[in-house]
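A.B. asks: Handing you a structure now.
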Amino acid sequence: MSTHTTEPTGSSEPAEGAERHGGLPLAALLALATAVFVTSLTETLPAGVLPAMSADLGVGESAMGQSVTVYAIGTAVTAIPLSAATAGWRRKRLLLTAMAGFAAANTVTAVSTDYSLTMAARFVAGVAAGLAWALLAGYARRLAPAHLQGRAIAIVMTGIPVALSLGVPAGTFLGEVLGWRVTFTLMTVLAVALLGWITAGVPDQPGQRRGAAGRVAVLRVLTVPGVTPVLFVTLVFVLAHTILYTYIATFLDGLGMGGSTDLVLLVFGVASLAGIWFVGARIDRRLRALTLASALLVAVSAALLAVPADSPALVYAAVALWGLGWGGAPTLLQTAVTDAGGDSADAAQAALVTLWNAAMAGGGVAGGVLLDHLGTGSLPWSVLLLLIPVVVVVARGQGFPAGGER
């Protein structure tokens with residue numbers, strides 16, 4: 001979901017003066033992981049406090065739910081042009097700008113009493129996410145030795161499952177106890193603290209040395225062998241996931257488990273952490289097998305959820321498989337598109353950011369349409385059907401090399 005710089009993949013050097021852990025600058029990577037956490041939690045937090053937000057701002061829950069969609073749209077429509085416009089910026093300066101954008105947007109969201117202003121703030125937060133995702137994976141790779149770059153991305157991407165497993169449930173709880181505005185205020189505090197951490201602890205990297213040619217590189221990179229299959233898999237896989245995840249509370253309510261949404265999300269998040277740990281340890285040797293396993297685990301989960309059954313244990317088992325499969329997906333897809341893109345990896349990553357967020361926005365809309373016309377039971381079936389072409393494309397191998405081919 002992020003852009004790489006024009007520096008060749010294999011030329012990255014370890015960050016000098018950084019804390020080492022198996023050859024990795026762990027402190028710097030954890031700061032980037034926290035940035036991922038901020039972006040992910042800011043995006044999904046409204047889902048946990050939706051009723052309170054809608055009541056406070058005087059709109060329906062479906063209208064308030066679009067606060068997640070408009071965030072994704074903000075990222076999707078700005079990632080490529082902003083990536084091109086800021087290509088020459090030094091990486092630390094760009095990351096600090098993005099985090100400052102999150103601090104400002106969450107502050108406005110916390111104090112706003114107007115629906116339109118809140119939606120505008122959410123859009124700005126999405127723009128900040130576009131800036132962040134346009135550099136995080138590439139930044140992580142450049143801070144690590146060449147043979148550990150996949151693991152470096154895996155460490156940074158732990159911010160996603162941590163946000164889902166701990167951040168969303170915690171934000172929901174705090175929203176119920178202290179009010180939803182407090183949760184967004186705390187997001188601002190976290191972003192400000194992260195600004196200091198990045199300033200003090202993350203080594204800088206130069207921007208890209210190229211001009212207007214970068215603006216057409218995104219279209220040109222589609223002709224690079226392997227890039228288009230990875231982008232297709234990204235679009236369809238994320239769409240499938242988002243259709244069900246966006247409406248998981250409604251789906252569980254239909255099963256009579258509405259009161260267990262926080263626990264279900266916790267199981268999903270913990271399983272996601274296990275998934276990303278497993279992927280991080282093996283991604284540099286088993287990219288295709290891991291991506292195939294990821295899609296198959298989510299497909300099996302959808303199949304279990306699609307079968308009517310009065311069994312909470314089955315639901316928890318299915319959600320655990322879902323999290324296990326999904327946890328490593330961002331790392332796998334980013335690594336695949338970067339490897340396939342080669343010298344054009346930055347443009348390939350920018351395209352991935354756009355398609356990823358377009359799929360998230362589309363998943364929210366498509367899931368809503370399915371919900372209104374076919375009911376909650378249609379959601380897992382749609383996931384299962386969408387994952388069929390994903391499995392086929394990954395199994396064919398183009399863009400997803402086997403162990404010894406990377």
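Labels used: A, B, ... for chains in the order of the structure tokens, numbers from 1 for residues in each chain, and numbers from 1 for ligands as shown.
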Show me, as a VMD selection string, the residues that have an atom within 12 Å of Val279 (chain A) when counting only C-alpha atoms, minus same-chain residues fewer than 2 positions from it.
C.D. replies: chain A and resid 150 to 155 157 to 158 272 to 277 281 to 294 324 to 333 335
A.B. asks: Excluding Gly269 (chain A) and its own-chain neighbours fewer than 3 positions away, which residues fall within 9 Å of it when counting only C-alpha atoms? Please give them as a ChimeraX atom specification.
C.D. replies: /A:160-166,264-266,272-274,320,323-324,327
A.B. asks: Could you take the residues named above and write them with C-alpha atoms, as a compact mmCIF listing (two decimals), in the first residue's frame?
C.D. replies:
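Ended up saving to result-v3.txt:
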```txt
# COMPACT_ATOMS: atom_id res chain seq x y z
CA ILE A 160 -2.56 -2.90 11.05
CA PRO A 161 -3.50 -5.98 13.13
CA VAL A 162 -2.59 -4.18 16.36
CA ALA A 163 -5.02 -1.42 15.39
CA LEU A 164 -7.71 -3.99 14.62
CA SER A 165 -7.11 -6.25 17.62
CA LEU A 166 -6.41 -3.66 20.32
CA VAL A 264 -14.95 -11.30 17.84
CA LEU A 265 -12.80 -8.39 16.67
CA LEU A 266 -10.26 -9.24 19.36
CA SER A 272 -3.92 -11.37 12.41
CA LEU A 273 -0.88 -10.79 14.61
CA ALA A 274 -0.06 -14.50 14.40
CA ALA A 320 -9.66 -16.81 13.66
CA GLY A 323 -7.53 -13.10 10.76
CA LEU A 324 -4.76 -15.64 10.27
CA GLY A 327 -2.92 -10.54 8.79
```
A.B. asks: Could you give me, as a list in words, the residues within 12 Å of Ala309 (chain A), counting only C-alpha atoms and dropping anything in the same chain fewer than 6 positions from it?
C.D. replies: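 Here the answer would be Gly254, Leu255, Gly256, Ala303, Val315, Ala318 and Gly377 of chain A.
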A.B. asks: Measuring atom to atom with only C-alpha atoms, identify which of A:Pro46, A:Trp133, A:Val394, A:Ala361 is nearest to Ile80 (chain A).
C.D. replies: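 Comparing A:Pro46, A:Trp133, A:Val394, A:Ala361 against Ile80 (chain A), the winner is A:Trp133.
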A.B. asks: Using only C-alpha atoms, find the one residue out of A:Thr242, A:Thr223, A:Thr228, A:Gln205 that sits nearest to Gly88 (chain A).
C.D. replies: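 When distances to Gly88 (chain A) are compared using only C-alpha atoms, the smallest one comes from A:Gln205.
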A.B. asks: Taking the chain letters and numbering used in this document, name the residues of region 96-215 of chain A that DSSP puts in helix (DSSP H, G or I), as a PyMOL selection string.
C.D. replies: chain A and resi 96-111+115-133+136-142+146-157+159-178+180-201+214-215
A.B. asks: Would you please work out which residue, of A:Leu136, A:Gly167, A:Leu24, A:Trp180, is nearest to Ser54 (chain A) when using only C-alpha atoms?
C.D. replies: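 Result for the nearest residue to Ser54 (chain A): A:Trp180.
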A.B. asks: Which of these residues is nearest to Leu143 (chain A), using only C-alpha atoms: A:Pro203, A:Gly74, A:Gly60, A:Gly362?
C.D. replies: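 That would be A:Pro203, the residue with the smallest distance to Leu143 (chain A).
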A.B. asks: Go through A:Gly207, A:Ala140, A:Pro312, A:Ala103 and flag the residue nearest Gly259 (chain A), using only C-alpha atoms for the distances.
C.D. replies: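 Ranked by minimum distance to Gly259 (chain A), first place goes to A:Pro312.
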A.B. asks: Report the distance between CA of Ala313 (chain A) and CA of Leu263 (chain A) in Å, rounded to one decimal place.
C.D. replies: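 These two atoms are separated by 12.2 Å.
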A.B. asks: Select, from A:Tyr71, A:Tyr316, A:Phe400, A:Phe232, the residue with the minimum atom-to-atom distance to Leu387 (chain A), counting only C-alpha atoms.
C.D. replies: A:Phe232
A.B. asks: If we count only C-alpha atoms, what is near Ala358 (chain A) at a cut-off of 10 Å, once residues fewer than 4 positions away on the same chain are taken out, given as an MDAnalysis selection string?
C.D. replies: chainID A and resid 69 72:77 235 238:239 352:354 362:363
A.B. asks: For those residues, write N, CA, C and O atoms to a file as a compact mmCIF listing (two decimals), in the first residue's frame.
C.D. replies:
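Writing done, so here's out.txt:
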```txt
# COMPACT_ATOMS: atom_id res chain seq x y z
N THR A 69 -15.89 5.56 4.41
CA THR A 69 -15.77 5.57 2.95
C THR A 69 -15.04 6.81 2.46
O THR A 69 -14.16 6.74 1.60
N ALA A 72 -11.33 6.60 2.82
CA ALA A 72 -10.71 5.77 1.79
C ALA A 72 -10.67 6.50 0.46
O ALA A 72 -9.69 6.38 -0.29
N ILE A 73 -11.72 7.25 0.15
CA ILE A 73 -11.73 8.02 -1.09
C ILE A 73 -10.63 9.07 -1.08
O ILE A 73 -9.94 9.28 -2.08
N GLY A 74 -10.45 9.74 0.06
CA GLY A 74 -9.40 10.74 0.18
C GLY A 74 -8.03 10.15 -0.12
O GLY A 74 -7.20 10.79 -0.78
N THR A 75 -7.80 8.93 0.34
CA THR A 75 -6.53 8.27 0.06
C THR A 75 -6.43 7.85 -1.39
O THR A 75 -5.41 8.06 -2.06
N ALA A 76 -7.51 7.26 -1.92
CA ALA A 76 -7.49 6.71 -3.27
C ALA A 76 -7.25 7.78 -4.34
O ALA A 76 -6.49 7.57 -5.28
N VAL A 77 -7.88 8.94 -4.18
CA VAL A 77 -7.80 9.95 -5.25
C VAL A 77 -6.56 10.83 -5.14
O VAL A 77 -6.24 11.54 -6.09
N LEU A 235 -6.81 -5.63 -5.68
CA LEU A 235 -8.13 -5.03 -5.83
C LEU A 235 -9.23 -5.98 -5.37
O LEU A 235 -10.09 -5.62 -4.57
N VAL A 238 -8.86 -7.22 -1.41
CA VAL A 238 -9.26 -6.18 -0.46
C VAL A 238 -10.77 -5.91 -0.55
O VAL A 238 -11.44 -5.70 0.47
N LEU A 239 -11.31 -5.93 -1.76
CA LEU A 239 -12.76 -5.76 -1.92
C LEU A 239 -13.52 -6.83 -1.17
O LEU A 239 -14.48 -6.55 -0.43
N LEU A 352 -0.79 0.57 -6.20
CA LEU A 352 -1.35 -0.33 -5.19
C LEU A 352 -2.11 0.45 -4.13
O LEU A 352 -3.20 0.05 -3.71
N VAL A 353 -1.56 1.59 -3.69
CA VAL A 353 -2.24 2.43 -2.71
C VAL A 353 -3.61 2.84 -3.22
O VAL A 353 -4.62 2.76 -2.52
N THR A 354 -3.65 3.28 -4.47
CA THR A 354 -4.91 3.75 -5.06
C THR A 354 -5.93 2.63 -5.15
O THR A 354 -7.09 2.79 -4.74
N GLY A 362 -15.14 0.84 -2.27
CA GLY A 362 -16.11 0.03 -3.01
C GLY A 362 -16.69 -1.09 -2.17
O GLY A 362 -17.87 -1.44 -2.31
N GLY A 363 -15.88 -1.66 -1.26
CA GLY A 363 -16.39 -2.72 -0.40
C GLY A 363 -17.48 -2.23 0.53
O GLY A 363 -18.46 -2.93 0.78
```
A.B. asks: Which residues come within 12 Å of Thr78 (chain A), counting only C-alpha atoms, excluding same-chain residues fewer than 6 positions away, as a PDB file with N, CA, C and O atoms, in the first residue's frame?
C.D. replies:
```pdb
ATOM      1  N   TYR A  71     -12.898   8.643   3.949  1.00  0.00           N
ATOM      2  CA  TYR A  71     -11.478   8.525   4.287  1.00  0.00           C
ATOM      3  C   TYR A  71     -10.758   7.734   3.198  1.00  0.00           C
ATOM      4  O   TYR A  71      -9.696   8.152   2.699  1.00  0.00           O
ATOM      5  N   ALA A  72     -11.331   6.598   2.824  1.00  0.00           N
ATOM      6  CA  ALA A  72     -10.711   5.768   1.792  1.00  0.00           C
ATOM      7  C   ALA A  72     -10.666   6.496   0.457  1.00  0.00           C
ATOM      8  O   ALA A  72      -9.691   6.385  -0.295  1.00  0.00           O
ATOM      9  N   ALA A  84       3.634  11.829  -6.688  1.00  0.00           N
ATOM     10  CA  ALA A  84       4.429  12.484  -7.735  1.00  0.00           C
ATOM     11  C   ALA A  84       4.874  13.881  -7.295  1.00  0.00           C
ATOM     12  O   ALA A  84       6.025  14.274  -7.500  1.00  0.00           O
ATOM     13  N   ALA A  85       3.955  14.617  -6.662  1.00  0.00           N
ATOM     14  CA  ALA A  85       4.252  16.003  -6.288  1.00  0.00           C
ATOM     15  C   ALA A  85       5.314  16.094  -5.199  1.00  0.00           C
ATOM     16  O   ALA A  85       6.062  17.071  -5.133  1.00  0.00           O
ATOM     17  N   THR A  86       5.374  15.078  -4.329  1.00  0.00           N
ATOM     18  CA  THR A  86       6.317  15.124  -3.203  1.00  0.00           C
ATOM     19  C   THR A  86       7.483  14.163  -3.391  1.00  0.00           C
ATOM     20  O   THR A  86       8.190  13.853  -2.437  1.00  0.00           O
ATOM     21  N   PHE A 123     -11.963  13.382   5.236  1.00  0.00           N
ATOM     22  CA  PHE A 123     -11.332  13.383   3.916  1.00  0.00           C
ATOM     23  C   PHE A 123      -9.872  13.813   4.032  1.00  0.00           C
ATOM     24  O   PHE A 123      -8.984  13.208   3.416  1.00  0.00           O
ATOM     25  N   VAL A 124      -9.615  14.850   4.840  1.00  0.00           N
ATOM     26  CA  VAL A 124      -8.236  15.314   5.051  1.00  0.00           C
ATOM     27  C   VAL A 124      -7.400  14.206   5.691  1.00  0.00           C
ATOM     28  O   VAL A 124      -6.230  14.004   5.330  1.00  0.00           O
ATOM     29  N   ALA A 125      -7.991  13.483   6.634  1.00  0.00           N
ATOM     30  CA  ALA A 125      -7.271  12.361   7.238  1.00  0.00           C
ATOM     31  C   ALA A 125      -6.914  11.321   6.184  1.00  0.00           C
ATOM     32  O   ALA A 125      -5.817  10.742   6.204  1.00  0.00           O
ATOM     33  N   GLY A 126      -7.827  11.093   5.237  1.00  0.00           N
ATOM     34  CA  GLY A 126      -7.545  10.161   4.149  1.00  0.00           C
ATOM     35  C   GLY A 126      -6.414  10.642   3.262  1.00  0.00           C
ATOM     36  O   GLY A 126      -5.581   9.844   2.800  1.00  0.00           O
ATOM     37  N   VAL A 127      -6.363  11.947   3.016  1.00  0.00           N
ATOM     38  CA  VAL A 127      -5.262  12.523   2.240  1.00  0.00           C
ATOM     39  C   VAL A 127      -3.929  12.307   2.971  1.00  0.00           C
ATOM     40  O   VAL A 127      -2.916  11.934   2.364  1.00  0.00           O
ATOM     41  N   ALA A 128      -3.934  12.533   4.274  1.00  0.00           N
ATOM     42  CA  ALA A 128      -2.726  12.287   5.069  1.00  0.00           C
ATOM     43  C   ALA A 128      -2.313  10.823   4.987  1.00  0.00           C
ATOM     44  O   ALA A 128      -1.117  10.501   4.932  1.00  0.00           O
ATOM     45  N   ALA A 129      -3.309   9.937   4.972  1.00  0.00           N
ATOM     46  CA  ALA A 129      -3.002   8.511   4.829  1.00  0.00           C
ATOM     47  C   ALA A 129      -2.371   8.226   3.480  1.00  0.00           C
ATOM     48  O   ALA A 129      -1.462   7.389   3.367  1.00  0.00           O
ATOM     49  N   GLY A 130      -2.837   8.913   2.425  1.00  0.00           N
ATOM     50  CA  GLY A 130      -2.239   8.734   1.119  1.00  0.00           C
ATOM     51  C   GLY A 130      -0.767   9.101   1.117  1.00  0.00           C
ATOM     52  O   GLY A 130       0.065   8.411   0.524  1.00  0.00           O
ATOM     53  N   LEU A 131      -0.441  10.194   1.802  1.00  0.00           N
ATOM     54  CA  LEU A 131       0.965  10.587   1.930  1.00  0.00           C
ATOM     55  C   LEU A 131       1.767   9.521   2.671  1.00  0.00           C
ATOM     56  O   LEU A 131       2.872   9.145   2.269  1.00  0.00           O
ATOM     57  N   ALA A 132       1.191   9.039   3.779  1.00  0.00           N
ATOM     58  CA  ALA A 132       1.912   8.063   4.601  1.00  0.00           C
ATOM     59  C   ALA A 132       2.117   6.745   3.863  1.00  0.00           C
ATOM     60  O   ALA A 132       3.233   6.205   3.812  1.00  0.00           O
ATOM     61  N   TRP A 133       1.026   6.218   3.275  1.00  0.00           N
ATOM     62  CA  TRP A 133       1.135   4.937   2.595  1.00  0.00           C
ATOM     63  C   TRP A 133       2.027   5.016   1.369  1.00  0.00           C
ATOM     64  O   TRP A 133       2.533   3.994   0.891  1.00  0.00           O
ATOM     65  N   ALA A 134       2.208   6.236   0.849  1.00  0.00           N
ATOM     66  CA  ALA A 134       3.064   6.406  -0.325  1.00  0.00           C
ATOM     67  C   ALA A 134       4.546   6.328  -0.005  1.00  0.00           C
ATOM     68  O   ALA A 134       5.368   6.461  -0.895  1.00  0.00           O
ATOM     69  N   ALA A 350       2.483   3.105  -5.747  1.00  0.00           N
ATOM     70  CA  ALA A 350       1.477   4.163  -5.800  1.00  0.00           C
ATOM     71  C   ALA A 350       0.171   3.642  -6.391  1.00  0.00           C
ATOM     72  O   ALA A 350      -0.919   3.975  -5.930  1.00  0.00           O
ATOM     73  N   ALA A 351       0.287   2.802  -7.420  1.00  0.00           N
ATOM     74  CA  ALA A 351      -0.911   2.196  -8.002  1.00  0.00           C
ATOM     75  C   ALA A 351      -1.589   1.285  -6.994  1.00  0.00           C
ATOM     76  O   ALA A 351      -2.826   1.231  -6.901  1.00  0.00           O
ATOM     77  N   VAL A 353      -1.557   1.588  -3.695  1.00  0.00           N
ATOM     78  CA  VAL A 353      -2.244   2.432  -2.708  1.00  0.00           C
ATOM     79  C   VAL A 353      -3.615   2.844  -3.224  1.00  0.00           C
ATOM     80  O   VAL A 353      -4.624   2.762  -2.522  1.00  0.00           O
ATOM     81  N   THR A 354      -3.650   3.280  -4.474  1.00  0.00           N
ATOM     82  CA  THR A 354      -4.906   3.750  -5.061  1.00  0.00           C
ATOM     83  C   THR A 354      -5.927   2.628  -5.148  1.00  0.00           C
ATOM     84  O   THR A 354      -7.091   2.787  -4.742  1.00  0.00           O
ATOM     85  N   LEU A 355      -5.518   1.477  -5.677  1.00  0.00           N
ATOM     86  CA  LEU A 355      -6.461   0.366  -5.834  1.00  0.00           C
ATOM     87  C   LEU A 355      -6.907  -0.185  -4.482  1.00  0.00           C
ATOM     88  O   LEU A 355      -8.064  -0.576  -4.310  1.00  0.00           O
ATOM     89  N   ASN A 357      -7.315   1.406  -1.632  1.00  0.00           N
ATOM     90  CA  ASN A 357      -8.311   2.272  -1.012  1.00  0.00           C
ATOM     91  C   ASN A 357      -9.583   2.392  -1.846  1.00  0.00           C
ATOM     92  O   ASN A 357     -10.666   2.560  -1.300  1.00  0.00           O
ATOM     93  N   ALA A 358      -9.450   2.269  -3.163  1.00  0.00           N
ATOM     94  CA  ALA A 358     -10.644   2.207  -3.993  1.00  0.00           C
ATOM     95  C   ALA A 358     -11.450   0.955  -3.659  1.00  0.00           C
ATOM     96  O   ALA A 358     -12.691   0.988  -3.598  1.00  0.00           O
TER      97      ALA A 358
END
```
